[in-house]
Amino acid sequence: MRLAHGAHSCMDPVDLTRELVAIPSPTGAEGTVVDRVEEILIEADWVVRRQPVAPGRDNLFATLDPPLVVLSTHLDVVPPHLPLREDEEWLHGRGTCDAKGIAAAMMVAAGHLQRAGERRVGLLFLVGEEDGSQGALAAAELEPRGRFLVNGEPTEGRLSIGQKGALRILLEAEGVSAHSAHPEEGRSAIHLLLDALERIRAIPLPSDPLLGDSTLNVGLVEGGVAPNVLAPSASAALLVRTVEPSSRLREVFAKAVAPLGPHLRLTFPLDIPAVQSAPLPGWDTVTVRYTSDLALLAPWGAGYQLGPGTIRVAHTDGERIRKSELREAVESYVRLCRQLLEMADPAPKATP
């Protein structure tokens with residue numbers, strides 16, 4: 001399906017979702033869907049800038065006039081590709097709710113505003129959100145950025161005014177291999193790792209009145225060569241869903257494992273802060289437990305999060321979204337943009 005000139009401004013977001021979902025775009029291979037979105041926006045008279053992030057992988061930033069409000073989401077998806085299928089109520093397939101359906105609703109909403117004469121809304125489409133957020137990190141170099149950014153993730157149509165952060169912890173233990181019949185001749189990296197995990201799991205985690213409790217998950221544990229051999233190496237990867245800046249927590253973790261000696265290494269390969277935003281009148285609000293690009297897009301202004309669909313089916317074999325939710329999302333994005341535009345520039349504007 002090819003869209004006629006300017007068609008995205010008045011088309012059904014369900015049609016556009018169908019087209020985008022039909023294009024596989026796992027993280028690292030977003031090029032084809034980025035090309036198609038760029039083509040659609042150029043045909044609709046947007047000025048589109050491509051920002052290289054990695055070879056063959058670009059962010060897209062589309063504007064009319066310098067924006068006050070930017071609608072943003074990501075075009076990459078998790079593998080494996082799930083082909084589009086549908087019934088009367090639902091669209092099924094990879095990206096339907098996370099987040100190509102959201103991208104489609106944003107494009108149609110921005111088109112409605114464009115047709116009404118509103119030129120101060122921009123569109124920012126990112127690569128790499130599902131693995132490392134490379135696109136969001138690179139987007140800090142783009143300008144002009146405006147006053148408000150609305151990030152698209154599945155929030156069941158409610159305005160998210162808070163999301164937890166993510167602190168990834170890597171523990172690496174070094175041992176000395178020996179026969180398990182003579183443990184005094186070696187040092188078990190697994191035993192050292194277990195001691196570290198016990199200490200970390202015993203640490204009380206902070207809570208926040210809006211975001212709730214921090215949580216810790218031991219997600220990966222690796223090590224050893226055989227049951228009858230003291231493990232020469234072992235490692236564990238943990239993730240804390242944070243509700244406050246992580247500096248104090250990182251210090252507490254480091255202090256807890258320091259007595260275990262020099263053969264244990266503690267690092268923090270990922271640290272994305274939590275986000276809180278002021279409530280807006282007229283919206284049913286929610287906080288979310290997951291982490292998205294929103295925290296990394298702080299240079300783009302005050303951030304909110306809104307999208308159709310539920311995160312509970314994202315990344316699963318049953319990913320889907322109701323067609324009615326996509327159409328409702330267009331109206332929600334238009335309403336939110338107008339409200340934020342009024343906050344950014346309260347001077348009265350002539351009716352086009």
# chains A, B, ... in the order shown; residues from 1 in each chain; ligands from 1
>>> select_by_dssp(residues="segment 252-349 of chain A", states="helix (DSSP H, G or I)", output="short mmCIF file (atom, residue, chain, number, x, y, z; two decimals) with C-alpha atoms, in the first residue's frame")
data_model
loop_
_atom_site.label_atom_id
_atom_site.label_comp_id
_atom_site.auth_asym_id
_atom_site.auth_seq_id
_atom_site.Cartn_x
_atom_site.Cartn_y
_atom_site.Cartn_z
CA VAL A 252 25.35 0.88 49.43
CA PHE A 253 25.80 -2.07 47.06
CA ALA A 254 29.53 -1.41 46.74
CA LYS A 255 29.95 -1.16 50.51
CA ALA A 256 28.03 -4.40 51.06
CA VAL A 257 30.29 -6.51 48.84
CA ALA A 258 33.60 -4.79 49.58
CA PRO A 259 34.47 -7.13 52.52
CA LEU A 260 34.38 -10.10 50.14
CA ASP A 293 13.43 6.15 26.35
CA LEU A 294 11.60 8.94 28.18
CA ALA A 295 14.27 9.40 30.85
CA LEU A 296 16.98 9.74 28.19
CA LEU A 297 14.96 12.36 26.33
CA ALA A 298 15.06 14.86 29.21
CA PRO A 299 16.88 17.47 27.04
CA TRP A 300 13.65 17.69 24.99
CA LYS A 323 -8.41 -1.08 16.39
CA SER A 324 -10.69 1.17 18.42
CA GLU A 325 -7.79 2.05 20.75
CA LEU A 326 -5.69 3.24 17.82
CA ARG A 327 -8.45 5.60 16.70
CA GLU A 328 -9.00 6.85 20.24
CA ALA A 329 -5.25 7.44 20.57
CA VAL A 330 -5.31 9.90 17.67
CA GLU A 331 -7.88 12.00 19.52
CA SER A 332 -5.88 11.76 22.75
CA TYR A 333 -2.63 12.90 21.11
CA VAL A 334 -4.40 15.84 19.46
CA ARG A 335 -5.95 16.87 22.78
CA LEU A 336 -2.68 16.52 24.69
CA CYS A 337 -0.72 18.48 22.09
CA ARG A 338 -3.20 21.34 22.21
CA GLN A 339 -3.08 21.41 26.00
CA LEU A 340 0.73 21.44 26.09
CA LEU A 341 0.92 24.05 23.35
CA GLU A 342 -1.30 26.29 25.43
CA MET A 343 0.98 25.78 28.43
CA ALA A 344 4.10 26.49 26.35
#
>>> residues_around(residues="Asp131 of chain A", least_positions_apart="4", cutoff="12 Å", atoms="only C-alpha atoms", output="list in words")
Pro26, Thr27, Gly28, His74, Asp76, Val77, Val78, Pro79, Leu126, Val127, Gly135, Ala136, Leu270, Thr291, Ser292 and Asp293 of chain A
>>> atom_distance(atom1="atom CA of Arg201 of chain A", atom2="atom CA of Arg265 of chain A")
16.6 Å
>>> atom_distance(atom1="atom CA of Arg158 of chain A", atom2="atom CA of Leu60 of chain A")
25.9 Å
>>> closest_residue(among="A:Ala166, A:Leu192, A:Ile203, A:Ala314", to="Val275 of chain A", atoms="only C-alpha atoms")
A:Ala166
>>> residues_around(residues="Leu159 of chain A", least_positions_apart="5", cutoff="9 Å", atoms="only C-alpha atoms", output="PyMOL selection string")
chain A and resi 279-280+283-287+304-307
>>> closest_residue(among="A:Arg322, A:Arg248, A:Gly175, A:Gly146", to="Ala189 of chain A", atoms="only C-alpha atoms")
A:Gly175
>>> atom_distance(atom1="atom CA of Ala140 of chain A", atom2="atom CA of Ala105 of chain A")
23.9 Å
>>> residues_around(residues="Thr316 of chain A", least_positions_apart="6", cutoff="12 Å", atoms="only C-alpha atoms", output="list in words")
Val77, Val78, Pro79, Pro80, His81, Leu82, His92, Gly93, Arg94, Gly95, Thr96, Cys97, Asp98 and Thr310 of chain A
>>> write_last_selection(atoms="C-alpha atoms", output="compact mmCIF listing (two decimals), in the first residue's frame")
# COMPACT_ATOMS: atom_id res chain seq x y z
CA VAL A 77 10.77 -4.12 17.84
CA VAL A 78 11.90 -7.19 19.71
CA PRO A 79 12.42 -10.43 17.77
CA PRO A 80 11.01 -12.66 16.48
CA HIS A 81 8.91 -11.13 13.74
CA LEU A 82 5.22 -11.98 14.12
CA HIS A 92 -2.13 -8.97 15.95
CA GLY A 93 1.60 -9.00 15.23
CA ARG A 94 4.97 -7.71 16.32
CA GLY A 95 4.87 -3.96 16.88
CA THR A 96 1.09 -3.58 16.91
CA CYS A 97 1.22 -2.15 20.43
CA ASP A 98 4.98 -1.68 20.96
CA THR A 310 -1.08 -2.66 27.27
